[in-house]
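Heads up, the thing below is written out as structure tokens.
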Amino acid sequence: MARTGLHSAPLAHKTIKTFPKGTLRFSLGPFNDKKDIDYTLYALNSILRCV
């Protein structure tokens, strides 16, 4: 699961200088494995190369 935004913590985002855009947060579950994480990192890397 992935979620974008301020995650109900705008003051924390001001502190880490990510306000007002926020961040991208990933949540892992008991059924995720290394393959899932590797695929996610590959996809993010591909997206960021296009920006």
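Chains: A, B, ... in order of the structure tokens. Residues: from 1 per chain. Ligands: from 1, in order shown.
Running DSSP on the backbone gives strand (DSSP E) for these residues within chain A: Ala2, Arg3, Thr4, Gly5, Thr23, Leu24, Arg25 and Phe26 of chain A.
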Practice item. From a DSSP pass on the backbone, collect the residues of chain A flagged as helix (DSSP H, G or I) and hand them back as a PyMOL selection string. Key: chain A and resi 10-15+34-50
Excluding stretch 26-34 of chain A and residues on its chain fewer than 5 positions from it, collect all residues at most 7 Å away from it, counting only C-alpha atoms, and give them as a PDB file with C-alpha atoms, in the first residue's frame.
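In the end it all went to out29.pdb:
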ATOM      1  CA  MET A   1       0.000   0.000   0.000  1.00  0.00           C
ATOM      2  CA  ALA A   2       1.254   3.474  -0.798  1.00  0.00           C
ATOM      3  CA  ARG A   3      -0.088   6.809   0.361  1.00  0.00           C
TER       4      ARG A   3
END
Practice item. Tell me which protein, DNA and RNA residues are within 8 Å of A:Pro20, counting only C-alpha atoms, leaving out same-chain ones fewer than 6 positions away, and put them as a list of chain:residue names. Key: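 Here the answer would be A:Leu6, A:Pro10, A:His13, A:Lys14.
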Check your understanding: For A:Gly22, which of A:Ala43, A:Lys35, A:Val51, A:Thr4 is the closest residue, counting only C-alpha atoms?
Key -> A:Thr4
Point to revise | Pick from A:Ile37, A:Gly5, A:Tyr42, A:Leu11, whichever lies nearest to A:Thr23 using only C-alpha atoms | key: A:Gly5
Review point. For the atom pair atom CA of A:His7 and atom CA of A:Leu41, what is the interatomic distance in Å to one decimal place?
Key: 21.2 Å
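For the pair atom CA of A:Arg25 and atom CA of A:Ser46, the interatomic distance is 17.8 Å.
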